[in-house]
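In what follows, a structure is listed as structure tokens, so that the remarks can point back to it.
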Amino acid sequence: MSLCIVGTVAIDSLESPYGQAPEILGGSGTFSALAASYFGPVRLISVVGADFPMEHLEYLRARGINTDGVYVDPDGATFRWKGRYGDDLNVAETLETKLGVLANFQPRAPELFADSRLVFLANCDPGAQRRVLAQMTKPEFVAADTMNFWIGHTRESLLETLGKVTLLSLNEGEARMLTGERALKSCAQKIFSLGPKVVVIKGGEFGAMMFTEGETFCAPAIPKSDVVDPTGAGDSFAGGMLGYLAAVGRYDLATLRTAIIVGSACASFAIENFGTERYRTLTHDEILTRFWQFRDITRYGDFQLRW
Ligand code: AMP
């Protein structure tokens, strides 16, 4: 099924305990489209400035991503994000956010994208997220992601977007910031009242939890010692999850559980190198192998309890 993603295509400058990477390809749309591209074709909507290196778009196209919806705005600079990770790799510190061309972005979906059945509103301006959604003629499943920047700066607009989505993914701190609750289950319950029926709360190296009215699912993360740069983990997670859902064409809870593990597998690769670098070599087989590792690390006992 057709998957359309709107999100940022960015130039990131990153610092982690493992080194620095100035002015590299990043963005929520970029990472999520790259992860999703392993499961089928992806349509991407975003905006960049005239300063954006065009070879980055060629790289995305080579992975089967349709970039006809990535507009080049000649009047401004590409969205830039500077981030730093300290000893706790789960926490990104934003050093600078320069919206550039994103500030006036009024996305227009190419006509050929309008019949997309799955829509992922990756982390970006909630107004732009809604605008894209409004141009889709028959979306069956709408997922969204957001972050502290938008929760803080554009709360009302974000709430309006949330009223239109089925699944919201966000990290622990953002779930607390959005809802004012502490316990993650309470956060999820409050988010249900805002619209989403499925809430996925990401916890970095501790994995992710999926909440619905009826059930809770806890997915681990693969413990890793070769983390280099956590940037893009959340977007890769969501991209892998949505890409899988689009490939399977079902959104029942069992399929969602599998999709979360697929997303977790994608995220576990993204963090092995700076920026999008790991995607240059990542293969389908590697994703499959890692998928099964998730089953192995959560299997315990013989499913009978006696003492
Ligand atoms: P994550 O997957 O959560 O690590 O997201 C990392 C990506 O988010 C980076 O490549 C940034 O370019 C992008 N990003 C940072 N701040 C924002 C923002 N306010 N809106 C959209 N994307 C952002």
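Residue names in the structure tokens use chain letters A, B, ... in the order shown, residue numbers from 1 in each chain, and ligand numbers from 1 in the order shown.
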
**Asked** Mind listing the residues within 6 Å of ligand 1, only C-alpha atoms and all ligand atoms counted, as a list in words?
**Response** Thr8, Ala10, Asp12, Gly26, Gly27, Ser28, Trp81, Asn123, Cys124, Phe149, Thr231, Gly232, Ala233, Gly234 and Asp235 of chain A

**Item:** Residue list (alpha helix (DSSP H), DSSP) for range 81-220 of chain A, as a PyMOL selection string
**Value:** chain A and resi 126-134+148-153+155-162+172-179+184-192

Keeping only N, CA, C and O atoms, write those residues as a compact mmCIF listing (two decimals), in the first residue's frame.
```txt
# COMPACT_ATOMS: atom_id res chain seq x y z
N PRO A 126 3.13 21.25 13.13
CA PRO A 126 1.82 20.58 13.09
C PRO A 126 0.88 21.18 12.05
O PRO A 126 -0.01 20.49 11.54
N GLY A 127 1.06 22.46 11.72
CA GLY A 127 0.24 23.08 10.68
C GLY A 127 0.56 22.44 9.32
O GLY A 127 -0.34 22.14 8.54
N ALA A 128 1.83 22.22 9.06
CA ALA A 128 2.25 21.56 7.81
C ALA A 128 1.74 20.12 7.79
O ALA A 128 1.31 19.60 6.75
N GLN A 129 1.76 19.47 8.95
CA GLN A 129 1.27 18.08 9.03
C GLN A 129 -0.20 18.03 8.60
O GLN A 129 -0.60 17.20 7.79
N ARG A 130 -1.00 18.97 9.14
CA ARG A 130 -2.44 18.98 8.81
C ARG A 130 -2.67 19.29 7.34
O ARG A 130 -3.56 18.76 6.70
N ARG A 131 -1.88 20.22 6.85
CA ARG A 131 -2.05 20.63 5.46
C ARG A 131 -1.84 19.46 4.50
O ARG A 131 -2.56 19.30 3.52
N VAL A 132 -0.84 18.65 4.79
CA VAL A 132 -0.59 17.47 3.95
C VAL A 132 -1.76 16.50 4.07
O VAL A 132 -2.29 16.00 3.07
N LEU A 133 -2.19 16.27 5.29
CA LEU A 133 -3.27 15.30 5.51
C LEU A 133 -4.53 15.73 4.76
O LEU A 133 -5.23 14.89 4.17
N ALA A 134 -4.80 17.03 4.75
CA ALA A 134 -6.01 17.53 4.09
C ALA A 134 -5.98 17.28 2.59
O ALA A 134 -7.02 17.26 1.93
N ASN A 148 9.51 18.05 21.65
CA ASN A 148 9.35 19.14 22.60
C ASN A 148 9.26 20.51 21.94
O ASN A 148 8.50 21.38 22.37
N PHE A 149 10.00 20.72 20.86
CA PHE A 149 10.00 22.01 20.18
C PHE A 149 8.56 22.42 19.79
O PHE A 149 8.11 23.52 20.06
N TRP A 150 7.82 21.49 19.19
CA TRP A 150 6.46 21.80 18.72
C TRP A 150 5.47 21.78 19.87
O TRP A 150 4.51 22.56 19.86
N ILE A 151 5.69 20.92 20.85
CA ILE A 151 4.78 20.89 22.01
C ILE A 151 4.88 22.24 22.73
O ILE A 151 3.89 22.81 23.17
N GLY A 152 6.09 22.79 22.78
CA GLY A 152 6.30 24.07 23.47
C GLY A 152 5.87 25.28 22.64
O GLY A 152 5.24 26.20 23.17
N HIS A 153 6.17 25.27 21.35
CA HIS A 153 5.95 26.47 20.54
C HIS A 153 4.57 26.52 19.87
O HIS A 153 4.07 27.60 19.58
N ARG A 155 1.54 24.48 20.60
CA ARG A 155 0.70 23.49 21.30
C ARG A 155 -0.71 23.39 20.72
O ARG A 155 -1.21 22.30 20.46
N GLU A 156 -1.37 24.55 20.54
CA GLU A 156 -2.77 24.52 20.07
C GLU A 156 -2.87 23.86 18.70
O GLU A 156 -3.76 23.06 18.44
N SER A 157 -1.92 24.23 17.83
CA SER A 157 -1.92 23.67 16.48
C SER A 157 -1.67 22.15 16.56
O SER A 157 -2.29 21.36 15.84
N LEU A 158 -0.77 21.74 17.44
CA LEU A 158 -0.47 20.31 17.60
C LEU A 158 -1.73 19.56 18.06
O LEU A 158 -2.04 18.47 17.56
N LEU A 159 -2.47 20.16 19.00
CA LEU A 159 -3.68 19.49 19.50
C LEU A 159 -4.69 19.30 18.36
O LEU A 159 -5.37 18.29 18.28
N GLU A 160 -4.74 20.29 17.47
CA GLU A 160 -5.65 20.17 16.33
C GLU A 160 -5.22 19.00 15.43
O GLU A 160 -6.05 18.23 14.95
N THR A 161 -3.92 18.88 15.22
CA THR A 161 -3.42 17.75 14.41
C THR A 161 -3.73 16.42 15.09
O THR A 161 -4.18 15.47 14.44
N LEU A 162 -3.51 16.37 16.40
CA LEU A 162 -3.71 15.10 17.11
C LEU A 162 -5.15 14.60 16.99
O LEU A 162 -5.40 13.40 17.02
N GLU A 172 9.42 9.46 25.91
CA GLU A 172 8.89 9.57 27.28
C GLU A 172 8.74 11.00 27.75
O GLU A 172 7.70 11.40 28.26
N GLY A 173 9.83 11.78 27.60
CA GLY A 173 9.83 13.16 28.09
C GLY A 173 8.76 13.98 27.39
O GLY A 173 8.07 14.81 28.00
N GLU A 174 8.60 13.72 26.09
CA GLU A 174 7.60 14.48 25.33
C GLU A 174 6.18 14.09 25.74
O GLU A 174 5.29 14.94 25.78
N ALA A 175 5.98 12.80 26.06
CA ALA A 175 4.65 12.36 26.51
C ALA A 175 4.29 13.07 27.81
O ALA A 175 3.15 13.51 28.01
N ARG A 176 5.28 13.22 28.69
CA ARG A 176 5.02 13.90 29.97
C ARG A 176 4.79 15.39 29.74
O ARG A 176 3.91 16.00 30.34
N MET A 177 5.58 15.98 28.83
CA MET A 177 5.44 17.41 28.56
C MET A 177 4.08 17.70 27.93
O MET A 177 3.42 18.68 28.26
N LEU A 178 3.63 16.82 27.04
CA LEU A 178 2.36 17.04 26.35
C LEU A 178 1.18 16.93 27.31
O LEU A 178 0.21 17.68 27.21
N THR A 179 1.26 15.99 28.25
CA THR A 179 0.08 15.67 29.06
C THR A 179 0.13 16.21 30.48
O THR A 179 -0.91 16.30 31.13
N LEU A 184 3.66 6.65 32.50
CA LEU A 184 3.48 6.60 31.04
C LEU A 184 2.07 6.13 30.65
O LEU A 184 1.50 6.60 29.67
N LYS A 185 1.50 5.24 31.45
CA LYS A 185 0.14 4.79 31.13
C LYS A 185 -0.85 5.95 31.28
O LYS A 185 -1.78 6.09 30.48
N SER A 186 -0.63 6.78 32.28
CA SER A 186 -1.51 7.95 32.45
C SER A 186 -1.32 8.91 31.29
O SER A 186 -2.29 9.53 30.81
N CYS A 187 -0.07 9.06 30.83
CA CYS A 187 0.18 9.91 29.65
C CYS A 187 -0.64 9.39 28.47
O CYS A 187 -1.32 10.16 27.78
N ALA A 188 -0.57 8.07 28.27
CA ALA A 188 -1.27 7.47 27.11
C ALA A 188 -2.77 7.71 27.24
O ALA A 188 -3.44 8.07 26.26
N GLN A 189 -3.30 7.53 28.45
CA GLN A 189 -4.75 7.70 28.63
C GLN A 189 -5.17 9.13 28.30
O GLN A 189 -6.21 9.36 27.68
N LYS A 190 -4.33 10.08 28.69
CA LYS A 190 -4.67 11.47 28.38
C LYS A 190 -4.59 11.71 26.86
O LYS A 190 -5.40 12.44 26.30
N ILE A 191 -3.61 11.07 26.23
CA ILE A 191 -3.47 11.26 24.77
C ILE A 191 -4.68 10.65 24.03
O ILE A 191 -5.14 11.20 23.04
N PHE A 192 -5.22 9.54 24.56
CA PHE A 192 -6.44 8.97 23.94
C PHE A 192 -7.53 10.04 23.86
O PHE A 192 -8.27 10.12 22.90
```

**Filtered DSSP result for range 14-244 of chain A, state strand (DSSP E), as a ChimeraX atom specification** = /A:14-16,19-26,42-49,65-73,80-85,92-98,118-121,141-145,167-171,198-202,208-211,216-219

**Asked** Neighbours of Gly275 in chain A within 12 Å (only C-alpha atoms; same-chain residues fewer than 4 positions away dropped), as an MDAnalysis selection string?
**Response** chainID A and resid 10:16 20:28 30:31 34 81 83 227:233 235:236 267 269:271 279:280

**Message:** Env of Val42 in chain A: 7 Å cut, atoms = only C-alpha atoms, seq-sep filter 2 positions within chain, self excluded. Answer as a list of chain:residue names.
**Reply:**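 That gives A:Leu3, A:Cys4, A:Ala33, A:Ala36, A:Ser37, A:Gly40, A:Leu44, A:Gly64, A:Ile65, A:Asn66.
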
For the residues in that selection, give me C-alpha atoms as a JSON list (two decimals), in the first residue's frame.
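Once written, out20.json looks like this:
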```json
[["chain", "number", "residue", "atom", "x", "y", "z"],
["A", 3, "LEU", "CA", 2.91, 5.38, 2.10],
["A", 4, "CYS", "CA", 3.33, 9.14, 2.12],
["A", 33, "ALA", "CA", 11.67, 7.56, 4.60],
["A", 36, "ALA", "CA", 10.43, 2.72, 5.33],
["A", 37, "SER", "CA", 12.12, 2.27, 1.95],
["A", 40, "GLY", "CA", 8.20, -0.68, -0.28],
["A", 44, "LEU", "CA", 8.22, 12.11, 0.66],
["A", 64, "GLY", "CA", 13.20, 4.09, -4.02],
["A", 65, "ILE", "CA", 11.97, 7.25, -2.31],
["A", 66, "ASN", "CA", 9.87, 9.50, -4.54]]
```

**Prompt:** Which residue out of A:Arg257, A:Lys164, A:His56, A:Arg63 has the minimum interatomic distance to Thr281 in chain A when only C-alpha atoms are used?
**Reply:**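 Under the stated criterion, the closest residue is A:Arg63.
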